[in-house]
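K.L.:
Before I ask anything, let me first share the structure, which is written out below as structure tokens.
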Amino acid sequence: MTAATYFFAILFYAATALLVVGLIYKIADFARTPAPLLIPTTPAPTTTGGMVFRMFREVALFESLFKANLWIWIFGWMFHMGLFLVLARHLRYFTEPVWFWVALIQPFGLYAGFAMAAGLGGLWARRFLVERIRYISTPSDHLMLALLLGIAVTGLMMKFVMHTDIVAVKAFFLGLMRLEIQPLPEHPGLYIHLALVALLMIVFPISKLLHAPGIFFSPTRNQVDNPREARHIAAWASEFDGK
Amino acid sequence: MAGPEIKAPAFREFPTIPALQPGSMAGSQAYVASEKIQEAIGFQGKLDDDWQVTHDKAIAKMGDLLGKYRGLKVFMDSCVHCGACTDKCHYFIGTADPKNMPVARQELMRSVYRRYFTLPGKLFPSLVGAKDLTREVLDDWYTYYWQCSECRRCSVFCPYGIDTAEVTMAGRAILDTVGYGQKYSNEIIGKVHKIGNNLGLPGPALENTLEGLEEDVKDATGVDVKYPLDVHGAEVLLVTPSADFFAEPHIESLIGYGKVFHAAGISWTLSSKASEAGNFGMFIGNYDQLRKIALRIREAALELGVKRIVVGECGHAWRAAYAFWNTLTGIGAGANDPFAIELQKQLDPNYKQPSHICEVTWDLIQQGRLKFDKSANDDRIITFHDSCNVARASRMGDYAGGQFDIPRNIIKAVANNYVEMESSTIRETTFCCGGGGGVLTDELIDLRIKGALPRMEALKHVADHDGVNFMATICAICKAQFTKVLPYYGFNMRLVGGVHQLVSTAIKLGDEQ
Ligand code: HEM
Ligand code: HEM
Ligand code: SF4
Ligand code: SF4
């Protein structure tokens with residue numbers, strides 16, 4: 001067994017731990033912090049069902065972004081839908097037997113990799129070409145795009161240029177899940193792919209990738225517009241408002 | 001002050017997004033509150049001499065707010081710098097100053113948040129755009145958090161609903177805490193507490209004004225329309241912005257409210273204690289002030305024993321009333337605690353509490369209890385400006401979006417000529433008048449004129465093509481702001497007025513037949 005196998009085994013245990021602990025901490029923090037006043041951006045749904053539907057449209061269709069800017073929407077939606085399918089397709093490395101729906105989407109997942117890379121390319125181009133977005137971009141914004149593009153490109157390379165032994169890759173990850181170490185194929189493309197993925201997992205809970213859990217906690221989107229019908233009281237403010 | 005003459009920006013033939021002009025508005029600063037003004041409302045008088053002390057207080061306050069407002073915390077963490085909001089702010093469109101792009105305005109605070117509250121910001125500040133809080137940064141906060149009207153237009157377009165208004169409020173709250181308050185807003189808050197309204201109009205003066213108003217209406221119509229003050233046992237308590245008592249064109253709407261109640265036979269009263277619907281506590285993001293100012297209305301309602309509470313034409317006041325009063329004061333329904341029940345058992349559950357005056361008028365129109373001579377408004381070709389706080393932070397009627405339809409329905413019921421402005425400038429994507437959120441002060445006139453550009457362009461279009469000569473609105477700040485800036489764009493200042501001004505013109509008072 002190679003040193004790389006041990007290195008990646010330890011790396012993925014560590015990255016998974018940081019991702020899980022970091023996300024739980026952050027989500028608990030969001031959930032714990034009260035929203036003392038009702039501030040939904042109106043017109044807003046007046047029922048919980050309506051609010052859930054609004055949230056669904058935001059998450060699945062990026063509705064507000066669509067209203068705001070068609071170019072960002074096209075690239076952004078392409079990237080995220082691609083990402084979603086690619087991740088779903090990757091579930092085959094972690095499940096045995098492979099779930100039915102994961103098997104079903106395998107062919108689509110392939111195009112999804114290209115969609116994801118193209119979307120990322122478009123978003124990155126905007127960071128250089130559009131003066132306003134150039135002004136607000138920080139180095140980390142560029143690095144985040146580079147990171148994701150790096151993952152996509154190395155993935156596509158493995159798929160189309162330098163194949164790797166995906167049966168062995170799967171055995172390695174199934175092994176990790178059972179706390180035993182199986183050999184990882186010696187393949188530079190795979191090494192880069194996996195190292196970047198681990199980095200993504202580590203930075204997820206401490207970066208702007210928090211937008212993924214964040215959107216579900218955004219009071220302008222997740223509150224129901226019913227202030228005249230129900231009295232809305234938050235913990236810290238209730239000591240005033242209750243008397 | 002003899003400065004260069006202030007001119008309005010030129011109308012753009014094609015409304016393209018402006019190229020950035022960094023620092024173009026850096027010199028436009030609201031006057032700082034004096035020690036006296038600050039201390040009168042319990043804020044620190046001035047900045048500490050030792051910067052470190054200010055720095056520590058500001059960071060501590062920021063931590064406090066992050067723990068109290070989930071919105072602020074989620075907004076600080078979630079922005080991906082996608083840029084969707086960058087061209088949505090009227091102040092950016094009018095000034096081209098990049099710090100007036102909503103995301104850049106947030107970034108003034110987010111860069112400090114990253115530095116002090118996140119791991120990457122502590123370890124690699126320049127990588128993630130994190131910054132130490134310095135005097136220069138604090139000055140930037142003061143300048144640009146007082147160049148935001150908290151209109152929430154940006155929050156409509158952000159994929160996560162990030163509301164720059166909330167960030168602005170937090171910024172102002174921190175500035176107040178360290179003794180760096182804004183004169184205009186904090187002075188007004190002092191007046192509300194001391195005298196009862198934003199304009200500092202004492203009770204006896206109010207009484208005189210209302211008597212004079214009754215005489216004027218009698219002269220004009222021959223009918224005894226009453227404008228009652230502090231009447232115990234009246235059915236309706238009307239709370240309206242104090243500008244309605246004497247400013248033009250606001251007073252025309254006040255006349256209209258009185259005529260509506262008169263024609264419908266509803267007993268009503270104003271209150272000298274609650275002679276102000278506006279609530280500047282919201283503008284400065286101070287929960288305590290917001291609540292104290294709102295509580296005056298509760299007290300007046302309990303004292304007078306009214307059954308209904310109705311709010312006049314004022315944008316941010318309607319937000320405070322609609323969205324916050326139930327939480328802060330129990331004015332509303334659905335309570336199960338003694339504090340709120342005390343009031344709610346007095347209020348009539350058949351009506352929405354509080355109601356907007358437009359909801360009252362529209363209900364009466366639907367019930368056939370008001371009659372109009374629509375031709376009385378025939379000299380007017382009317383359009384409607386949605387006020388930001390009504391459009392994006394509140395509602396009227398029973399369904400989402402009622403706040404857009406009800407005022408328009410009223411206008412169409414009382415007048416024959418109605419024209420809509422360009423669709424991207426109305427309803428939920430309406431542009432702020434340029435004077436909201438605590439910037440309606442003379443020293444910010446340059447900002448106010450430039451911020452009005454998108455609205456003025458849409459108005460220009462319907463004025464040129466459809467002959468529009470009256471822009472109706474339901475906000476005291478919109479009315480004051482437009483009256484001031486319309487002439488800079490070549491319009492008559494009388495082109496703006498209230499919805500109830502139109503009602504007032506056309507309503508049949510019944511008694512004369
Ligand atoms: C609930 C799930 C998610 C939602 C609703 C969501 C939504 C969005 C939206 C609306 C944008 C702005 C438009 C754009 O630039 O694409 C965005 C940006 C971004 N998202 Fe997500 N996202 C989610 C999950 C993720 C995940 C899991 C990742 C990465 C692993 C991710 C990475 C990014 C990145 C890097 C950007 C910035 C792109 C740029 O630089 O312009 N997102 N997301
Ligand atoms: C531990 C997690 C991961 C493992 C073991 C892994 C492994 C692989 C392997 C072996 C391939 C080549 C597939 C083939 O030859 O058929 C691949 C492709 C790819 N990977 Fe990953 N990957 C992981 C995580 C990710 C993540 C998080 C992303 C996206 C952010 C990603 C994006 C891609 C893409 C776009 C492709 C090419 C298209 C495709 O085959 O679906 N991978 N990955
Ligand atoms: S709230 Fe309004 S004024 Fe403030 S940044 Fe957003 S769009 Fe501009
Ligand atoms: S639209 Fe929202 S996420 Fe995008 S830059 Fe503006 S505030 Fe940030």
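Ligands are numbered from 1 in the order shown, residues from 1 within each chain, and chains are lettered A, B, ... in the order they appear in the structure tokens.
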Residues within 9 Å of Leu72 in chain B, please, as a ChimeraX atom specification. Count only C-alpha atoms; anything in the same chain fewer than 2 positions from it doesn't count.
P.N.:
/B:65-70,74-77,162-163,166-167,170
K.L.:
Find the residues near range 154-163 of chain A: any atom within 8 Å, counting only C-alpha atoms, skip ones fewer than 5 places away on the same chain, and give them as a list in words.
P.N.:
Gly113, Phe114, Gly189, Leu190, Ile192 and His193 of chain A
K.L.:
For range 380-388 of chain B, list every protein, DNA or RNA residue within 7 Å, evaluated using only C-alpha atoms, and leave out those in the same chain fewer than 5 positions away; present the list as a list in words.
P.N.:
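Final neighbour list, sorted by chain and number: Cys151, Gly315, Asn417, Tyr418, Val419, Glu420, Met421, Ile426, Arg427, Thr430, Phe431, Cys432, Gly467, Val468, Asn469, Phe470, Met471, Ala472, Thr473, Ile474 and Cys475 of chain B.
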K.L.:
If we count only C-alpha atoms and set the cut-off at 10 Å, which residues sit around Val52 in chain A, ignoring sequence neighbours fewer than 3 positions away in its own chain? Please answer as a ChimeraX atom specification.
P.N.:
/A:45,47-49,55-58,216,221-224
K.L.:
Store the residues of this selection in a file with all heavy atoms, as a short mmCIF file (atom, residue, chain, number, x, y, z; two decimals), in the first residue's frame.
P.N.:
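The result, written out as selection_6.cif:
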```cif
data_model
loop_
_atom_site.label_atom_id
_atom_site.label_comp_id
_atom_site.auth_asym_id
_atom_site.auth_seq_id
_atom_site.Cartn_x
_atom_site.Cartn_y
_atom_site.Cartn_z
N PRO A 45 -45.51 35.38 0.81
CA PRO A 45 -46.62 34.45 1.06
C PRO A 45 -47.22 34.67 2.45
O PRO A 45 -46.51 35.00 3.40
CB PRO A 45 -45.96 33.08 0.98
CG PRO A 45 -44.66 33.28 0.29
CD PRO A 45 -44.25 34.68 0.54
N THR A 47 -48.97 32.27 4.01
CA THR A 47 -49.11 30.98 4.69
C THR A 47 -47.77 30.25 4.69
O THR A 47 -46.89 30.54 3.88
CB THR A 47 -50.11 30.06 3.95
OG1 THR A 47 -49.61 29.85 2.62
CG2 THR A 47 -51.49 30.69 3.87
N THR A 48 -47.64 29.28 5.59
CA THR A 48 -46.39 28.51 5.66
C THR A 48 -46.17 27.74 4.36
O THR A 48 -45.06 27.67 3.84
CB THR A 48 -46.43 27.53 6.85
OG1 THR A 48 -46.72 28.29 8.02
CG2 THR A 48 -45.09 26.83 7.03
N GLY A 49 -47.24 27.17 3.83
CA GLY A 49 -47.12 26.44 2.57
C GLY A 49 -46.59 27.34 1.46
O GLY A 49 -45.71 26.95 0.69
N MET A 55 -39.47 29.35 -1.06
CA MET A 55 -38.11 28.89 -0.78
C MET A 55 -37.68 27.86 -1.83
O MET A 55 -36.55 27.90 -2.33
CB MET A 55 -38.05 28.30 0.63
CG MET A 55 -36.67 27.91 1.09
SD MET A 55 -35.54 29.31 1.18
CE MET A 55 -35.96 30.01 2.76
N PHE A 56 -38.61 26.99 -2.18
CA PHE A 56 -38.29 25.98 -3.20
C PHE A 56 -37.92 26.66 -4.51
O PHE A 56 -36.94 26.30 -5.17
CB PHE A 56 -39.50 25.04 -3.40
CG PHE A 56 -39.35 24.15 -4.60
CD1 PHE A 56 -38.56 23.01 -4.54
CD2 PHE A 56 -39.96 24.48 -5.80
CE1 PHE A 56 -38.41 22.21 -5.65
CE2 PHE A 56 -39.80 23.68 -6.93
CZ PHE A 56 -39.02 22.54 -6.86
N ARG A 57 -38.67 27.67 -4.90
CA ARG A 57 -38.38 28.36 -6.17
C ARG A 57 -37.01 29.04 -6.10
O ARG A 57 -36.27 29.06 -7.08
CB ARG A 57 -39.47 29.39 -6.49
CG ARG A 57 -40.83 28.78 -6.74
CD ARG A 57 -41.78 29.76 -7.42
NE ARG A 57 -41.83 31.07 -6.83
CZ ARG A 57 -42.66 31.45 -5.86
NH1 ARG A 57 -43.52 30.60 -5.34
NH2 ARG A 57 -42.65 32.69 -5.40
N GLU A 58 -36.67 29.58 -4.92
CA GLU A 58 -35.37 30.23 -4.79
C GLU A 58 -34.23 29.22 -4.92
O GLU A 58 -33.23 29.47 -5.58
CB GLU A 58 -35.26 30.95 -3.44
CG GLU A 58 -36.12 32.19 -3.29
CD GLU A 58 -35.72 33.32 -4.22
OE1 GLU A 58 -34.70 33.20 -4.93
OE2 GLU A 58 -36.43 34.33 -4.25
N PHE A 216 -31.66 29.10 3.63
CA PHE A 216 -32.82 28.56 4.34
C PHE A 216 -33.11 29.34 5.62
O PHE A 216 -34.20 29.25 6.18
CB PHE A 216 -32.59 27.08 4.68
CG PHE A 216 -32.46 26.23 3.45
CD1 PHE A 216 -31.21 25.83 2.99
CD2 PHE A 216 -33.58 25.85 2.74
CE1 PHE A 216 -31.08 25.05 1.86
CE2 PHE A 216 -33.47 25.08 1.59
CZ PHE A 216 -32.22 24.68 1.14
N ARG A 221 -36.71 35.72 3.32
CA ARG A 221 -37.28 34.70 2.46
C ARG A 221 -38.05 33.62 3.22
O ARG A 221 -38.94 33.00 2.68
CB ARG A 221 -36.18 34.02 1.63
CG ARG A 221 -35.49 34.93 0.64
CD ARG A 221 -36.39 35.30 -0.52
NE ARG A 221 -35.71 36.15 -1.50
CZ ARG A 221 -35.74 37.49 -1.50
NH1 ARG A 221 -36.43 38.14 -0.58
NH2 ARG A 221 -35.08 38.17 -2.41
N ASN A 222 -37.68 33.37 4.48
CA ASN A 222 -38.32 32.24 5.17
C ASN A 222 -39.39 32.66 6.18
O ASN A 222 -39.92 31.83 6.90
CB ASN A 222 -37.27 31.32 5.82
CG ASN A 222 -36.74 31.85 7.15
OD1 ASN A 222 -37.13 32.92 7.61
ND2 ASN A 222 -35.87 31.09 7.79
N GLN A 223 -39.72 33.96 6.22
CA GLN A 223 -40.79 34.36 7.13
C GLN A 223 -42.12 34.44 6.39
O GLN A 223 -42.17 34.76 5.20
CB GLN A 223 -40.46 35.70 7.78
CG GLN A 223 -39.33 35.60 8.80
CD GLN A 223 -39.02 36.91 9.48
OE1 GLN A 223 -39.28 37.98 8.93
NE2 GLN A 223 -38.45 36.85 10.66
N VAL A 224 -43.18 34.17 7.14
CA VAL A 224 -44.54 34.25 6.60
C VAL A 224 -45.07 35.65 6.89
O VAL A 224 -44.85 36.21 7.96
CB VAL A 224 -45.42 33.18 7.27
CG1 VAL A 224 -46.86 33.29 6.78
CG2 VAL A 224 -44.87 31.79 7.00
#
```
K.L.:
Quick one: which chain B residues come within 6 Å of ligand 3, and what is the nearest atom pair for each with the distance in Å to one decimal, counting only C-alpha atoms and all ligand atoms, rows ordered by chain and ascending number, as a tab-separated table?
P.N.:
```
residue	atom	partner	partner_atom_place_in_ligand_line	distance
B:Lys88	CA	ligand 3	7 (S)	5.9
B:Cys89	CA	ligand 3	7 (S)	3.7
B:Pro102	CA	ligand 3	5 (S)	4.1
B:Cys148	CA	ligand 3	3 (S)	3.8
B:Ser149	CA	ligand 3	3 (S)	4.2
B:Glu150	CA	ligand 3	1 (S)	3.8
B:Cys151	CA	ligand 3	2 (Fe)	3.9
B:Arg152	CA	ligand 3	1 (S)	4.0
B:Arg153	CA	ligand 3	7 (S)	4.4
B:Cys154	CA	ligand 3	6 (Fe)	4.4
B:Thr164	CA	ligand 3	1 (S)	4.9
B:Ala165	CA	ligand 3	1 (S)	4.4
```
K.L.:
Those selected residues, please, written with C-alpha atoms and delivered as a PDB file, in the first residue's frame.
P.N.:
```pdb
ATOM      1  CA  LYS B  88     -30.266  47.943  -8.364  1.00  0.00           C
ATOM      2  CA  CYS B  89     -29.776  50.883  -6.005  1.00  0.00           C
ATOM      3  CA  PRO B 102     -25.678  47.425  -2.261  1.00  0.00           C
ATOM      4  CA  CYS B 148     -28.895  54.364   1.991  1.00  0.00           C
ATOM      5  CA  SER B 149     -32.620  54.918   2.277  1.00  0.00           C
ATOM      6  CA  GLU B 150     -33.299  51.404   3.593  1.00  0.00           C
ATOM      7  CA  CYS B 151     -35.653  50.913   0.659  1.00  0.00           C
ATOM      8  CA  ARG B 152     -34.993  47.165   0.248  1.00  0.00           C
ATOM      9  CA  ARG B 153     -34.908  47.239  -3.535  1.00  0.00           C
ATOM     10  CA  CYS B 154     -31.663  45.275  -3.443  1.00  0.00           C
ATOM     11  CA  THR B 164     -28.888  45.953   2.774  1.00  0.00           C
ATOM     12  CA  ALA B 165     -31.385  47.943   4.833  1.00  0.00           C
TER      13      ALA B 165
END
```
K.L.:
Taking only C-alpha atoms and all ligand atoms into account, produce a table as a tab-separated table in which each residue of chain A with an atom at most 7 Å from an atom of ligand 1 appears once, together with its shortest atom pair and the distance in Å to one decimal, ordered by chain and rising number.
P.N.:
```
residue	atom	partner	partner_atom_place_in_ligand_line	distance
A:Glu58	CA	ligand 1	5 (C)	6.6
A:Val59	CA	ligand 1	5 (C)	3.9
A:Ala60	CA	ligand 1	5 (C)	6.6
A:Phe62	CA	ligand 1	10 (C)	5.3
A:Leu65	CA	ligand 1	10 (C)	6.3
A:Ile72	CA	ligand 1	13 (C)	5.9
A:Trp73	CA	ligand 1	13 (C)	6.2
A:Phe75	CA	ligand 1	16 (O)	6.3
A:Gly76	CA	ligand 1	16 (O)	3.0
A:Trp77	CA	ligand 1	16 (O)	6.1
A:Phe79	CA	ligand 1	16 (O)	6.6
A:His80	CA	ligand 1	21 (Fe)	6.3
A:Leu123	CA	ligand 1	41 (O)	4.8
A:Trp124	CA	ligand 1	40 (O)	6.4
A:Asp141	CA	ligand 1	40 (O)	5.6
A:His142	CA	ligand 1	40 (O)	6.9
A:Met144	CA	ligand 1	35 (C)	5.6
A:Leu145	CA	ligand 1	35 (C)	5.7
A:Leu200	CA	ligand 1	30 (C)	7.0
A:Leu209	CA	ligand 1	31 (C)	5.6
A:His211	CA	ligand 1	22 (N)	6.3
A:Ala212	CA	ligand 1	1 (C)	4.0
A:Pro213	CA	ligand 1	1 (C)	6.1
A:Ile215	CA	ligand 1	5 (C)	6.7
```
K.L.:
Choose the residue, out of B:Leu47, B:Ile365, B:Ala60, B:Cys82, that has the smallest atom-to-atom separation from ligand 4; count only C-alpha atoms and all ligand atoms.
P.N.:
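Under the stated criterion, the closest residue is B:Cys82.
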K.L.:
Kindly work out which residues sit at most 7 Å from ligand 4, using only C-alpha atoms and all ligand atoms, and give the list as an MDAnalysis selection string.
P.N.:
chainID B and resid 78:86 102:103 157:162
K.L.:
Should the cut-off be 6 Å, what would the residue list for chain A against chain B look like, counting only C-alpha atoms, as a ChimeraX atom specification?
P.N.:
/A:33-35,41-44,64-65,68-69,133,138-140,208,210-211,214-215,219-220,227-233,241,243
K.L.:
Based on DSSP run over this structure's backbone, return all residues of range 3-193 of chain B in helix (DSSP H, G or I), as a PyMOL selection string.
P.N.:
chain B and resi 35-40+51-68+70-78+90-95+98-100+102-117+119-123+135-145+153-157+164-177+183-193
K.L.:
Please determine, counting only C-alpha atoms and all ligand atoms, which residue among A:Met51, A:Ile206, A:Leu11, A:Leu148 has the shortest atom-to-atom distance to ligand 2.
P.N.:
A:Leu148
K.L.:
Fewer than 6 positions away in the same chain doesn't count, so skip those; otherwise give me all residues within 8 Å of range 496-500 of chain B, counting only C-alpha atoms, as a list in words.
P.N.:
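Contacts, in chain order: Pro249, His250, Glu252, Ser253, Leu254, Ile255, Gly256, Tyr257, Glu313, Pro407, Ile410, Ile411, Phe470, Met471, Ala472, Thr473, Ile474, Cys475, Lys479, Phe482 and Thr483 of chain B.
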K.L.:
So how far away is CA of Val306 in chain B from CA of Asn198 in chain B, in Å?
P.N.:
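So the two atoms, CA of Asn198 in chain B and CA of Val306 in chain B, lie 23.3 Å apart.
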K.L.:
For ligand 2, which of A:Gly109, A:Gly22, A:Pro205, A:Gly121 is the closest residue, counting only C-alpha atoms and all ligand atoms?
P.N.:
A:Gly109
K.L.:
Go through range 276-501 of chain B and collect every residue that DSSP, computed from the backbone, puts in strand (DSSP E); the answer should be as a PyMOL selection string.
P.N.:
chain B and resi 308-311+355-356+371-372+382-384+470-473+496-498
